Structure formats: C-alpha cells, structure tokens
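Asks: Structure supplied as my_file28.cif; contents: mmCIF, C-alpha atoms.
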```cif
data_target
#
loop_
_atom_site.label_atom_id
_atom_site.label_comp_id
_atom_site.auth_asym_id
_atom_site.auth_seq_id
_atom_site.Cartn_x
_atom_site.Cartn_y
_atom_site.Cartn_z
CA MET A 72 64.53 73.67 144.17
CA GLU A 73 64.59 70.06 145.30
CA PRO A 74 61.98 69.38 148.00
CA VAL A 75 63.14 69.29 151.58
CA ASP A 76 61.65 66.33 153.38
CA ASP A 77 59.71 66.65 156.62
CA VAL A 78 62.45 65.45 158.93
CA ASP A 79 64.67 68.36 157.88
CA THR A 80 62.02 71.07 157.86
CA VAL A 81 61.31 70.53 161.54
CA ALA A 82 64.79 71.73 162.52
CA PRO A 83 64.22 74.64 164.94
CA ALA A 84 64.86 78.05 163.40
CA ASP A 85 67.63 78.79 165.91
CA SER A 86 69.46 75.59 164.99
CA VAL A 87 69.92 76.09 161.27
CA ASN A 88 73.37 77.59 161.84
CA GLY A 89 74.43 75.10 164.51
CA ASP A 90 76.63 72.03 164.37
CA GLY A 91 73.90 69.43 164.94
CA GLU A 92 73.12 66.81 162.35
CA ALA A 93 69.59 68.12 161.69
CA ALA A 94 70.89 71.64 161.08
CA ARG A 95 73.67 70.38 158.82
CA LEU A 96 71.28 68.27 156.72
CA TYR A 97 68.80 71.12 156.46
CA ARG A 98 71.44 73.53 155.19
CA ALA A 99 72.89 70.95 152.80
CA LYS A 100 69.51 70.31 151.18
CA LEU A 101 68.57 73.96 151.10
CA TRP A 102 71.82 75.21 149.61
CA GLY A 103 72.43 72.15 147.44
CA GLY A 104 68.96 72.32 145.89
CA ALA A 105 68.84 76.08 145.29
CA ALA A 106 68.09 77.19 141.73
CA ARG A 107 70.95 79.74 141.65
CA LYS A 108 74.32 79.36 143.36
CA LEU A 109 77.92 80.30 142.73
CA TRP A 110 79.20 76.77 143.08
CA HIS A 111 78.29 73.14 143.61
CA THR A 112 79.97 71.50 146.58
CA SER A 113 81.15 67.91 146.51
CA VAL A 114 78.13 66.89 148.61
CA ASP A 115 75.39 68.70 146.69
CA GLY A 116 72.79 66.39 145.19
CA THR A 117 71.84 62.85 146.18
CA VAL A 118 73.42 59.41 145.96
CA GLY A 119 71.19 58.50 143.04
CA THR A 120 71.98 61.69 141.15
CA ARG A 121 75.74 61.35 141.55
CA LEU A 122 75.77 57.66 140.57
CA ARG A 123 73.60 58.25 137.50
CA GLU A 124 75.83 61.11 136.34
CA LEU A 125 78.92 58.94 136.70
CA ALA A 126 77.30 55.98 134.95
CA ASP A 127 76.17 58.21 132.05
CA TRP A 128 79.71 59.55 131.66
CA ALA A 129 81.18 56.05 131.76
CA GLU A 130 78.80 54.98 129.00
CA ALA A 131 79.58 58.02 126.88
CA THR A 132 83.34 57.51 127.14
CA GLY A 133 83.33 53.76 126.58
CA ARG A 134 84.39 52.89 130.12
CA ALA A 135 81.14 51.28 131.25
CA GLU A 136 82.27 47.84 130.08
CA SER A 137 85.73 48.08 131.65
CA PRO A 138 86.52 45.33 134.16
CA ILE A 139 86.19 46.09 137.86
CA ASP A 140 89.51 47.07 139.42
CA THR A 141 91.01 45.04 142.24
CA TYR A 142 93.70 46.38 144.56
CA GLY A 143 94.67 49.24 142.29
CA ASN A 144 94.72 47.85 138.75
CA GLY A 145 92.56 48.72 135.74
CA THR A 146 90.84 52.10 136.06
CA VAL A 147 93.03 53.07 139.00
CA GLU A 148 96.17 52.46 136.93
CA GLU A 149 94.71 54.54 134.11
CA LEU A 150 94.18 57.40 136.54
CA GLU A 151 97.71 57.13 137.91
CA GLU A 152 99.20 57.26 134.41
CA ARG A 153 97.00 60.20 133.45
CA VAL A 154 97.99 62.26 136.49
CA ALA A 155 101.68 61.46 136.10
CA ALA A 156 101.45 62.77 132.53
CA GLU A 157 99.51 65.90 133.55
CA LEU A 158 102.10 66.73 136.21
CA GLY A 159 105.13 65.69 134.16
CA MET A 160 106.20 63.23 136.86
CA PRO A 161 107.79 59.78 136.31
CA SER A 162 105.27 57.86 138.42
CA ALA A 163 102.08 58.27 140.45
CA VAL A 164 100.19 56.31 143.13
CA PHE A 165 96.48 56.52 143.98
CA PHE A 166 95.52 56.89 147.66
CA PRO A 167 92.08 56.89 149.29
CA THR A 168 92.90 60.14 151.13
CA GLY A 169 95.36 62.99 150.87
CA THR A 170 96.12 62.72 154.57
CA MET A 171 97.47 59.22 154.03
CA ALA A 172 99.31 60.17 150.84
CA GLN A 173 101.21 63.00 152.48
CA GLN A 174 102.09 61.06 155.61
CA VAL A 175 103.51 58.34 153.39
CA VAL A 176 105.59 60.56 151.12
CA LEU A 177 106.97 62.64 154.00
CA ARG A 178 107.93 59.40 155.72
CA CYS A 179 109.66 58.20 152.55
CA TRP A 180 111.62 61.44 152.24
CA ALA A 181 112.61 61.30 155.92
CA GLY A 182 114.18 57.92 155.32
CA ARG A 183 116.17 59.25 152.38
CA THR A 184 117.30 62.53 153.97
CA GLY A 185 117.94 61.06 157.39
CA SER A 186 115.84 63.80 158.97
CA PRO A 187 112.35 63.40 160.48
CA VAL A 188 111.88 67.19 160.50
CA VAL A 189 109.40 68.75 158.05
CA ALA A 190 109.30 72.52 157.55
CA LEU A 191 105.80 73.76 156.74
CA HIS A 192 103.39 76.57 157.51
CA PRO A 193 101.42 76.42 160.79
CA LEU A 194 98.24 76.88 158.71
CA ALA A 195 99.10 73.93 156.46
CA HIS A 196 96.58 71.09 156.36
CA PRO A 197 98.60 68.60 158.48
CA GLU A 198 98.94 71.17 161.27
CA VAL A 199 95.32 72.32 161.35
CA HIS A 200 93.11 69.49 160.12
CA GLU A 201 94.80 66.15 160.85
CA GLY A 202 95.01 65.90 164.65
CA GLY A 203 98.79 65.88 164.80
CA ALA A 204 99.02 62.82 162.54
CA LEU A 205 102.52 63.52 161.25
CA GLY A 206 103.90 63.10 164.74
CA ALA A 207 101.43 60.66 166.22
CA VAL A 208 101.36 58.19 163.32
CA SER A 209 104.46 58.80 161.25
CA GLY A 210 107.02 59.85 163.85
CA LEU A 211 107.78 63.15 162.12
CA ARG A 212 108.35 66.55 163.67
CA THR A 213 107.39 69.91 162.20
CA VAL A 214 108.98 73.37 162.26
CA HIS A 215 107.60 76.66 160.94
CA PRO A 216 109.78 79.02 158.89
CA THR A 217 107.08 81.71 159.28
CA ASP A 218 103.70 82.25 160.90
CA ALA A 219 102.71 85.15 158.63
CA PRO A 220 99.50 84.43 156.65
CA ARG A 221 101.43 83.54 153.48
CA LEU A 222 103.95 80.96 152.37
CA PRO A 223 107.53 81.43 153.62
CA THR A 224 110.01 83.57 151.74
CA ALA A 225 113.36 82.33 150.48
CA GLU A 226 115.10 84.23 153.27
CA GLU A 227 112.91 82.62 155.93
CA VAL A 228 113.65 79.16 154.54
CA ARG A 229 117.35 79.85 154.15
CA ASP A 230 117.74 81.43 157.59
CA HIS A 231 115.60 79.03 159.64
CA PRO A 232 117.77 78.09 162.64
CA GLU A 233 116.87 74.39 162.78
CA PRO A 234 117.82 71.72 160.21
CA PHE A 235 115.01 70.04 158.28
CA GLY A 236 114.94 67.34 155.65
CA THR A 237 111.79 68.30 153.73
CA LEU A 238 110.11 71.60 152.92
CA MET A 239 106.37 71.20 152.35
CA LEU A 240 104.51 73.99 150.54
CA GLU A 241 100.71 74.06 150.34
CA LEU A 242 99.69 75.57 146.98
CA PRO A 243 97.49 77.50 147.51
CA LEU A 244 97.59 78.00 151.29
CA ARG A 245 93.88 77.51 151.93
CA ASP A 246 93.50 78.69 155.53
CA ALA A 247 95.33 81.93 154.78
CA GLY A 248 92.83 82.75 152.03
CA PHE A 249 93.85 80.47 149.13
CA VAL A 250 97.00 82.56 148.69
CA LEU A 251 99.95 81.89 146.39
CA PRO A 252 103.37 83.47 146.04
CA SER A 253 104.54 84.90 142.74
CA TRP A 254 106.35 82.55 140.37
CA GLU A 255 109.63 84.28 141.17
CA GLU A 256 109.01 83.92 144.92
CA LEU A 257 108.12 80.24 144.55
CA THR A 258 111.22 79.39 142.54
CA ALA A 259 113.38 81.30 145.03
CA VAL A 260 111.87 79.38 147.98
CA VAL A 261 112.54 76.06 146.25
CA GLU A 262 116.11 77.08 145.52
CA ALA A 263 116.61 78.11 149.16
CA ALA A 264 115.49 74.64 150.26
CA ARG A 265 117.87 73.01 147.80
CA GLU A 266 120.71 75.10 149.23
CA ARG A 267 119.96 73.41 152.57
CA ASP A 268 119.98 69.96 150.95
CA ALA A 269 116.26 69.62 151.70
CA VAL A 270 113.75 68.01 149.36
CA VAL A 271 110.59 69.88 148.38
CA HIS A 272 107.07 68.45 148.51
CA PHE A 273 104.01 70.31 147.22
CA ASP A 274 100.70 69.85 149.00
CA GLY A 275 98.83 70.44 145.76
CA ALA A 276 95.32 69.51 146.87
CA ARG A 277 94.25 72.53 144.80
CA LEU A 278 97.24 72.66 142.45
CA TRP A 279 94.88 72.28 139.50
CA GLU A 280 93.80 75.93 140.00
CA CYS A 281 97.29 77.45 140.07
CA PRO A 282 98.36 77.83 136.39
CA THR A 283 96.37 81.05 135.87
CA HIS A 284 98.12 82.83 138.75
CA PHE A 285 101.60 81.58 137.91
CA GLY A 286 101.23 81.86 134.16
CA ARG A 287 102.82 78.41 133.83
CA PRO A 288 101.45 74.97 132.86
CA LEU A 289 100.81 72.35 135.53
CA ALA A 290 103.84 70.28 134.62
CA GLU A 291 106.20 73.24 134.97
CA ILE A 292 104.77 74.11 138.39
CA ALA A 293 104.92 70.51 139.63
CA GLY A 294 108.40 70.14 138.17
CA LEU A 295 109.80 72.49 140.80
CA ALA A 296 109.12 69.89 143.50
CA ASP A 297 110.49 66.44 144.23
CA SER A 298 106.97 65.13 144.87
CA VAL A 299 103.41 66.42 144.57
CA TYR A 300 100.05 65.40 146.02
CA VAL A 301 96.80 66.32 144.26
CA SER A 302 93.18 65.86 145.30
CA PHE A 303 90.16 65.10 143.14
CA TYR A 304 87.12 66.23 145.10
CA LYS A 305 88.22 69.77 145.97
CA SER A 306 88.56 71.23 142.47
CA LEU A 307 87.54 68.53 140.02
CA GLY A 308 84.25 67.34 141.51
CA GLY A 309 85.44 63.81 142.17
CA HIS A 310 83.94 61.57 144.82
CA SER A 311 87.15 61.14 146.82
CA GLY A 312 90.76 60.10 146.51
CA ALA A 313 94.19 61.56 145.86
CA VAL A 314 97.32 60.87 143.84
CA LEU A 315 100.93 61.14 144.90
CA ALA A 316 103.42 61.76 142.09
CA GLY A 317 107.20 61.73 142.05
CA PRO A 318 110.30 59.61 141.30
CA GLU A 319 109.88 55.92 140.50
CA ASP A 320 111.78 54.67 143.57
CA VAL A 321 109.88 56.91 146.00
CA MET A 322 106.53 55.92 144.49
CA ALA A 323 107.47 52.24 144.71
CA GLU A 324 108.13 52.66 148.41
CA ALA A 325 104.93 54.69 148.76
CA ARG A 326 102.96 51.69 147.47
CA VAL A 327 104.44 49.54 150.24
CA TRP A 328 103.52 52.10 152.89
CA ARG A 329 100.05 52.56 151.40
CA HIS A 330 99.38 48.90 152.13
CA ARG A 331 100.82 49.21 155.64
CA TYR A 332 98.62 52.23 156.35
CA GLY A 333 95.49 50.36 155.25
CA GLY A 334 95.11 52.12 151.92
CA GLN A 335 95.23 49.05 149.66
CA VAL A 336 91.49 49.19 149.04
CA PHE A 337 89.91 46.23 147.23
CA GLN A 338 87.86 48.24 144.71
CA GLN A 339 88.03 51.98 144.03
CA TYR A 340 86.54 52.36 140.56
CA PRO A 341 83.82 54.92 141.52
CA ALA A 342 86.43 57.30 142.95
CA ALA A 343 88.85 56.68 140.08
CA LEU A 344 86.17 57.13 137.41
CA SER A 345 84.93 60.36 138.99
CA ALA A 346 88.52 61.63 139.06
CA LEU A 347 89.00 60.84 135.38
CA ARG A 348 85.74 62.60 134.64
CA GLY A 349 86.96 65.65 136.55
CA LEU A 350 90.21 65.68 134.58
CA ASP A 351 88.25 65.54 131.32
CA GLU A 352 85.48 68.00 132.16
CA GLU A 353 86.46 70.30 135.02
CA LEU A 354 90.21 70.74 134.58
CA PRO A 355 89.89 72.56 131.22
CA ARG A 356 87.29 74.91 132.76
CA LEU A 357 89.26 75.95 135.84
CA PRO A 358 90.93 78.96 134.17
CA SER A 359 87.48 80.40 133.39
CA TYR A 360 86.46 79.88 137.03
CA VAL A 361 89.56 81.71 138.25
CA ALA A 362 88.94 84.61 135.86
CA HIS A 363 85.29 84.93 136.91
CA ALA A 364 86.17 84.72 140.61
CA ARG A 365 87.94 88.05 140.12
CA VAL A 366 84.74 89.54 138.69
CA VAL A 367 82.75 88.19 141.64
CA ALA A 368 85.26 89.49 144.20
CA ASP A 369 85.14 92.97 142.69
CA ALA A 370 81.34 92.95 142.71
CA VAL A 371 81.17 91.80 146.35
CA ARG A 372 83.59 94.58 147.34
CA GLU A 373 81.62 97.20 145.42
CA ALA A 374 78.29 96.15 146.98
CA LEU A 375 79.66 96.12 150.51
CA THR A 376 81.22 99.54 150.00
CA GLU A 377 78.03 101.02 148.52
CA ALA A 378 75.98 99.61 151.40
CA GLY A 379 78.15 101.40 153.98
CA THR A 380 78.90 98.13 155.73
CA GLY A 381 81.88 99.63 157.51
CA TRP A 382 84.86 97.38 158.01
CA PHE A 383 84.97 94.35 155.73
CA ARG A 384 87.56 92.39 153.84
CA VAL A 385 87.67 90.56 150.52
CA HIS A 386 90.86 88.50 150.62
CA PRO A 387 92.90 88.33 148.48
CA GLU A 388 91.76 91.55 146.79
CA VAL A 389 92.43 89.85 143.48
CA PRO A 390 91.78 86.11 144.00
CA HIS A 391 94.72 83.86 143.20
CA THR A 392 92.45 80.90 142.43
CA HIS A 393 88.70 80.44 142.00
CA GLN A 394 88.26 80.67 145.79
CA PHE A 395 88.64 83.56 148.19
CA GLN A 396 87.52 84.80 151.62
CA VAL A 397 85.00 87.42 152.72
CA TRP A 398 85.17 88.89 156.25
CA LEU A 399 82.34 90.85 157.92
CA PRO A 400 82.00 92.42 161.41
CA TYR A 401 79.17 90.19 162.67
CA GLU A 402 78.88 87.02 164.69
CA PRO A 403 79.05 83.91 162.47
CA GLU A 404 75.67 82.67 163.69
CA ALA A 405 73.94 85.84 162.47
CA LEU A 406 75.62 85.65 159.07
CA THR A 407 74.86 81.96 158.60
CA ALA A 408 71.23 82.60 159.54
CA ALA A 409 71.10 85.35 156.89
CA SER A 410 72.56 82.94 154.32
CA VAL A 411 69.84 80.42 155.16
CA ALA A 412 67.12 83.07 155.09
CA GLN A 413 68.24 84.30 151.67
CA ALA A 414 68.13 80.80 150.21
CA GLU A 415 64.71 80.11 151.74
CA ALA A 416 63.23 83.36 150.39
CA THR A 417 64.92 83.70 147.00
CA ASP A 418 66.17 80.20 146.04
CA THR A 419 69.59 81.87 145.63
CA VAL A 420 72.84 81.00 147.42
CA LEU A 421 75.62 83.55 147.57
CA PHE A 422 77.28 82.81 150.92
CA ARG A 423 77.04 79.56 152.84
CA ARG A 424 78.33 78.96 156.35
CA TRP A 425 80.33 81.58 158.29
CA PHE A 426 82.99 80.86 160.91
CA THR A 427 84.95 82.52 163.66
CA PRO A 428 88.44 83.07 162.21
CA GLY A 429 91.37 81.20 163.66
CA ALA A 430 94.45 82.69 165.24
CA GLY A 431 95.34 86.07 163.81
CA GLY A 432 91.77 87.20 163.08
CA PRO A 433 90.37 90.28 164.81
CA PRO A 434 87.61 89.77 167.41
CA GLY A 435 83.97 90.35 166.53
CA VAL A 436 84.25 89.27 162.91
CA ALA A 437 83.40 86.18 160.87
CA VAL A 438 84.81 84.74 157.68
CA THR A 439 83.41 82.64 154.86
CA GLU A 440 84.80 81.23 151.63
CA LEU A 441 83.41 81.91 148.18
CA THR A 442 84.02 79.59 145.25
CA VAL A 443 83.17 80.05 141.59
CA THR A 444 82.45 76.99 139.42
CA GLY A 445 80.31 76.35 136.36
CA THR A 446 77.07 77.60 137.89
CA GLY A 447 78.80 80.81 138.94
CA LEU A 448 79.80 81.69 135.39
CA GLU A 449 76.16 82.61 134.79
CA TRP A 450 76.30 85.37 137.42
CA THR A 451 76.99 88.87 136.13
CA ALA A 452 78.62 91.48 138.34
CA GLU A 453 75.19 93.05 138.83
CA ASP A 454 73.74 89.68 139.85
CA VAL A 455 76.40 89.48 142.55
CA ARG A 456 75.81 93.02 143.76
CA THR A 457 72.05 92.39 143.92
CA ALA A 458 72.57 89.21 145.93
CA VAL A 459 74.91 90.97 148.37
CA ARG A 460 72.41 93.78 148.92
CA ASP A 461 69.62 91.26 149.54
CA PHE A 462 71.83 89.31 151.94
CA LEU A 463 72.59 92.44 153.96
CA THR A 464 68.88 93.22 154.41
CA ARG A 465 68.47 89.86 156.12
CA LEU A 466 71.03 90.79 158.76
CA ALA A 467 68.62 93.44 160.09
#
```
Could the structure of this file be written out as structure tokens, please?
Replies:
Amino acid sequence: MEPVDDVDTVAPADSVNGDGEAARLYRAKLWGGAARKLWHTSVDGTVGTRLRELADWAEATGRAESPIDTYGNGTVEELEERVAAELGMPSAVFFPTGTMAQQVVLRCWAGRTGSPVVALHPLAHPEVHEGGALGAVSGLRTVHPTDAPRLPTAEEVRDHPEPFGTLMLELPLRDAGFVLPSWEELTAVVEAARERDAVVHFDGARLWECPTHFGRPLAEIAGLADSVYVSFYKSLGGHSGAVLAGPEDVMAEARVWRHRYGGQVFQQYPAALSALRGLDEELPRLPSYVAHARVVADAVREALTEAGTGWFRVHPEVPHTHQFQVWLPYEPEALTAASVAQAEATDTVLFRRWFTPGAGGPPGVAVTELTVTGTGLEWTAEDVRTAVRDFLTRLA
C-alpha cells in the first residue's frame, strides 16, 4: 500500500467518515493505495502517477509528438471524430463538462421545437446534482413523467398531461441504482416521445456500459436518440471531459453556445488524450466488467444471507451495468468506519463510503455503490464472500 503521510494519519478516528478535508484525503489515500480493491476511482493515485501513465501511452501510440491543441483542434478533433464514429452520429463536439454539454444541447433543441420544457426523471443528474442549472442558466423548465425509481414507461410519456419539447433519458439512471429498461421498453418510450413530436436526448454519461444489457451495439443504442452525451471519466478512466453527438446543424450551434458558456478552453490535450486512451483500453473491457459485476452481486447477497444480517438489499438483483447498490440497516457513519477499518487492517477495499438514501429510501438504512473494473476481475466469488464476512465483523 502507498504510504500515508503524517498530515493525513493525524485525522481523528471519529472523523474518518466525515465530510472534512482531512477525512476525505485520509480515505482517498487509504482506499486508493490498498493492495486489493474492486475498482479504481478516477482520483486514485497521484498527479505524477497519472501523468506518467498518460505520457507512456502517448509514446506507445505515436501521439507524443503530436502538436499541442488550441481551442479544440488537433487531438480534440481526433476525439470528436472517434466518438461520432463509435456512436454512429454525424457530428460530435467536445465539452469540458457534461453539465455544460447537456445545458447546451437542451437549449438548442428548445429553439428548434419552440418549447422550453424538458421531460426527465426527478432523479436525473440535472435535477439532483446541478443546482437547478437548467432553469437558472438556460431558461428551461422540467416536468416528470414518473417519480418511480426507474425510467418512464411509454404510457407515462404518452399520457403526460403537459406538453414538452424534449424527452431526456439517463442511461443508466444512476441514482435509482444504475437501472436500465429492456430494449423493447426503451424503443417504446422513444416512439411515444416521437408521437408527441418531441425530440429525444440520451444522458449517456455511462452509455458505454449499456450494450451488454441491451444486447445491441453502441451505435444502435445511440441511434434511437436525436442527440447523445457521453462522459470519459466515469467509465473509461479519463481525466475529465464529455462529448455531445448529434446532427451536423445542432452540433454547429452547440459549438457557438460552448463558447458563450465559457467552454472554449485554450488547451485540452490531457483530457482528450486520456479519453482516447479510455476508448482504446477500457471500452473493450467493459463487457467483462459487467459480467463479473453479476458474480460479485451474487456473492455479496450470499454472504449477507449466510451471516443472518436481516434486511438488506442488493439492487438491481442482477446488475444492469458494472455498478450496483448495496443497502444495509445501519447508520452510514458506522458502515463507512467499518470500510475504513477493513482497509487499515487487511489492505483490502470492498465497500467505500456509505450514504443516507435520498427520497424514497426507508429510515435507518444506508446505501453504497459497488463498481467492478479491471482490479475486480481478480476477485473470485469466495474472495467477495470472505471480504463481506470480514467487513461485518468490524461493525461489531
């Protein structure tokens, strides 16, 4: 395990599960440096490590001598063309953040449909994690076809009482447990929106993970929508950044709005290179991560059942992507402290931070998210069960 420097080790024991900066840094170093873990997060490691890895990859792929990009040319253009091809879309535009990308495209569609109303789920990213930006910054208004912890059905879209110009679908719906509809349900929802003369936009921050569940290639999935946004740091291990893909005219307007929103960044080659690396190295491996997440979920469920934990939940029962939720009937502080204690004692990370669930969760429980990436492929089902049993002993 990487050494933890003195300033972090002095964090009081009762603060390791808190929100303070010392507690956050302590956990990040402890979990990031552990010898065994199910997944690497985008902030594991150090600045030097991440830069050296990227430089080594650039050398190996012949990109190290490429000219530095300025205002979106060069490497950034290569990334845009690559993503457009992967998604089967006519054009693509790089953005520094997904928040900006989606505000821009929804604004563009509002101008074309004549409606500032966007139908989306109340657990969708713009509603939960962006401080009301769609309304405050872009002058849009949102409506919710359903508040059930899943994407809306075709009937809910078709029968919604208020007109809307754009239907936005987050695939997968992260805050509901990384859930996806079936392919038949998704195509029916899109058709219902078309019947209302609405355009369809996919919040595909994690779209890269969806082909296994749908049994369809990326381009066929993306092709259902009028526009798609994808992220690079959530699934592909990139440093940052997002791409918006769609029709040529909409993407041309999106470039204008990107500049107006302050997204015309002078140089972005580290983010663009790390995204290209993720497309080359991580994208082909995602199906194996999704398959192994199902093994891990089964093993977690078996261990919790054998331990007589009482009420618990592994959601979805069969993960739709390589990420899923685990719910336990304890306070989040106690569970996070057990996660820290397990890593300190065994150099193994199974769970990380636990949280109080949002609206709709029962009282007296906490939820965490599990992810399986390359490091997790080394875990057998018995490894998972052993780690769960050890974790539970630390709750005592």
Asks: With all atoms listed in the file counted, which protein, DNA or RNA residues have an atom no more than 9 Å from (104.2, 62.9, 152.1) in the file frame? Please answer as a count of residues only.
Replies: 21
Asks: Could you tell me how far CA of Leu463 (chain A) sits from CA of Gly381 (chain A), in Å to one decimal place?
Replies: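 Here the two named atoms are 12.3 Å from each other.
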Asks: At a cut-off of 8 Å, using only C-alpha atoms, what residues contact region 211-221 of chain A? Leave out same-chain residues fewer than 4 positions from it and give the result as a short mmCIF file (atom, residue, chain, number, x, y, z; two decimals) with C-alpha atoms, in the coordinates of the input.
Replies:
```cif
data_model
loop_
_atom_site.label_atom_id
_atom_site.label_comp_id
_atom_site.auth_asym_id
_atom_site.auth_seq_id
_atom_site.Cartn_x
_atom_site.Cartn_y
_atom_site.Cartn_z
CA ARG A 178 107.93 59.40 155.72
CA PRO A 187 112.35 63.40 160.48
CA VAL A 188 111.88 67.19 160.50
CA VAL A 189 109.40 68.75 158.05
CA ALA A 190 109.30 72.52 157.55
CA LEU A 191 105.80 73.76 156.74
CA HIS A 192 103.39 76.57 157.51
CA PRO A 193 101.42 76.42 160.79
CA LEU A 194 98.24 76.88 158.71
CA LEU A 205 102.52 63.52 161.25
CA GLY A 206 103.90 63.10 164.74
CA ALA A 207 101.43 60.66 166.22
CA GLU A 227 112.91 82.62 155.93
CA VAL A 228 113.65 79.16 154.54
CA HIS A 231 115.60 79.03 159.64
CA GLU A 233 116.87 74.39 162.78
CA PHE A 235 115.01 70.04 158.28
CA LEU A 244 97.59 78.00 151.29
CA ALA A 247 95.33 81.93 154.78
CA VAL A 250 97.00 82.56 148.69
CA LEU A 251 99.95 81.89 146.39
CA PRO A 252 103.37 83.47 146.04
#
```
Asks: Quote the spacing between CA of Ala370 (chain A) and CA of Val397 (chain A) in Å to one decimal place.
Replies: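 It comes out at 12.0 Å.
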Asks: Determine the nearest neighbour of Ala163 (chain A) from the options A:Asp140, A:Glu319, A:Glu266, A:Asp246, counting all atoms listed in the file.
Replies: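 Closest to Ala163 (chain A) of all the choices is A:Glu319.
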Asks: Under the rule that all atoms listed in the file are counted, which of A:Ala346, A:Ala259, A:Ala323, A:Ala362 is the nearest residue to Arg153 (chain A)?
Replies: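 The answer is A:Ala346, which sits nearest to Arg153 (chain A).
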Asks: Spell out the residues picked by the PyMOL selection byres ((chain A and resi 380) around 12) here, as a list in words.
Replies: Val371, Arg372, Glu373, Ala374, Leu375, Thr376, Glu377, Ala378, Gly379, Gly381, Trp382, Phe383, Arg384, Trp398, Leu399, Pro400, Tyr401, Val459, Arg460, Phe462, Leu463, Thr464 and Leu466 of chain A
Asks: Using all atoms listed in the file, which residue out of A:Trp110, A:Phe303, A:Trp254, A:Trp328 lies closest to Leu150 (chain A)?
Replies: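 Counting all atoms listed in the file, the residue closest to Leu150 (chain A) is A:Phe303.
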Asks: Quick one: distance from CA of Thr112 (chain A) to CA of Leu441 (chain A) in Å, one decimal?
Replies: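 Separating CA of Thr112 (chain A) from CA of Leu441 (chain A) is a distance of 11.1 Å.
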Asks: Nearest to Pro403 (chain A): which of A:Thr439, A:His386, A:Asp230, A:Ser253 is it, counting only C-alpha atoms?
Replies: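 Selected residue with least distance to Pro403 (chain A): A:Thr439.
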Asks: Translate the PyMOL selection byres ((chain A and resi 122-131) around 10) into a concrete residue list for this structure, as a PyMOL selection string.
Replies: chain A and resi 117-121+132-137+309-310+341-342+344-345+347-348
Asks: Any chance you could export the current selection's C-alpha atoms as a short mmCIF file (atom, residue, chain, number, x, y, z; two decimals), in the frame of the given file?
Replies:
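Result file is part.cif:
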```
data_model
loop_
_atom_site.label_atom_id
_atom_site.label_comp_id
_atom_site.auth_asym_id
_atom_site.auth_seq_id
_atom_site.Cartn_x
_atom_site.Cartn_y
_atom_site.Cartn_z
CA THR A 117 71.84 62.85 146.18
CA VAL A 118 73.42 59.41 145.96
CA GLY A 119 71.19 58.50 143.04
CA THR A 120 71.98 61.69 141.15
CA ARG A 121 75.74 61.35 141.55
CA THR A 132 83.34 57.51 127.14
CA GLY A 133 83.33 53.76 126.58
CA ARG A 134 84.39 52.89 130.12
CA ALA A 135 81.14 51.28 131.25
CA GLU A 136 82.27 47.84 130.08
CA SER A 137 85.73 48.08 131.65
CA GLY A 309 85.44 63.81 142.17
CA HIS A 310 83.94 61.57 144.82
CA PRO A 341 83.82 54.92 141.52
CA ALA A 342 86.43 57.30 142.95
CA LEU A 344 86.17 57.13 137.41
CA SER A 345 84.93 60.36 138.99
CA LEU A 347 89.00 60.84 135.38
CA ARG A 348 85.74 62.60 134.64
#
```
Asks: Exactly which residues make up the result of the PyMOL selection byres ((chain A and resi 359) around 10) on this file, given as a ChimeraX atom specification?
Replies: /A:283,355-358,360-364,393,443-445,448
Asks: Would you compute an axis-aligned box for region 377-388 of chain A, covering every atom listed for it in the file with 3 Å of margin on each side, and report centre and edge lengths in Å to one decimal as AutoDock Vina command-line options?
Replies:
```
--center_x 84.4 --center_y 94.9 --center_z 152.4 --size_x 22.9 --size_y 19.1 --size_z 17.2
```
Asks: Pick out the closest residue to Val336 (chain A) from this set: A:Ala458, A:Met322, A:Val147, A:Val314. Count all atoms listed in the file.
Replies: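 Among A:Ala458, A:Met322, A:Val147, A:Val314, it is A:Val147 that comes nearest to Val336 (chain A).
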Asks: Which is closer to Ala99 (chain A) than all the others in A:Ala195, A:Asp461, A:Val420, A:Gln339, using only C-alpha atoms?
Replies: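 Of A:Ala195, A:Asp461, A:Val420, A:Gln339, the one nearest Ala99 (chain A), counting only C-alpha atoms, is A:Val420.
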Asks: Near Pro282 (chain A), counting only C-alpha atoms, which residues have an atom at most 10 Å away, once you skip same-chain residues fewer than 3 positions from it, shown as a PyMOL selection string?
Replies: chain A and resi 278-279+285-292+357-358+361+391-392
Asks: Just write region 358-372 of chain A with C-alpha atoms, as a short mmCIF file (atom, residue, chain, number, x, y, z; two decimals), in the first residue's frame, taken from the block above.
Replies:
```cif
data_model
loop_
_atom_site.label_atom_id
_atom_site.label_comp_id
_atom_site.auth_asym_id
_atom_site.auth_seq_id
_atom_site.Cartn_x
_atom_site.Cartn_y
_atom_site.Cartn_z
CA PRO A 358 -18.46 -6.18 -21.11
CA SER A 359 -16.19 -8.30 -18.89
CA TYR A 360 -16.71 -5.83 -16.03
CA VAL A 361 -20.49 -6.05 -16.42
CA ALA A 362 -20.39 -9.85 -16.47
CA HIS A 363 -18.21 -10.01 -13.36
CA ALA A 364 -20.36 -7.46 -11.52
CA ARG A 365 -23.12 -10.08 -11.62
CA VAL A 366 -20.78 -12.60 -9.97
CA VAL A 367 -19.87 -10.06 -7.30
CA ALA A 368 -23.51 -9.12 -6.64
CA ASP A 369 -24.46 -12.77 -6.17
CA ALA A 370 -21.55 -13.32 -3.78
CA VAL A 371 -22.42 -10.23 -1.71
CA ARG A 372 -26.03 -11.42 -1.45
#
```
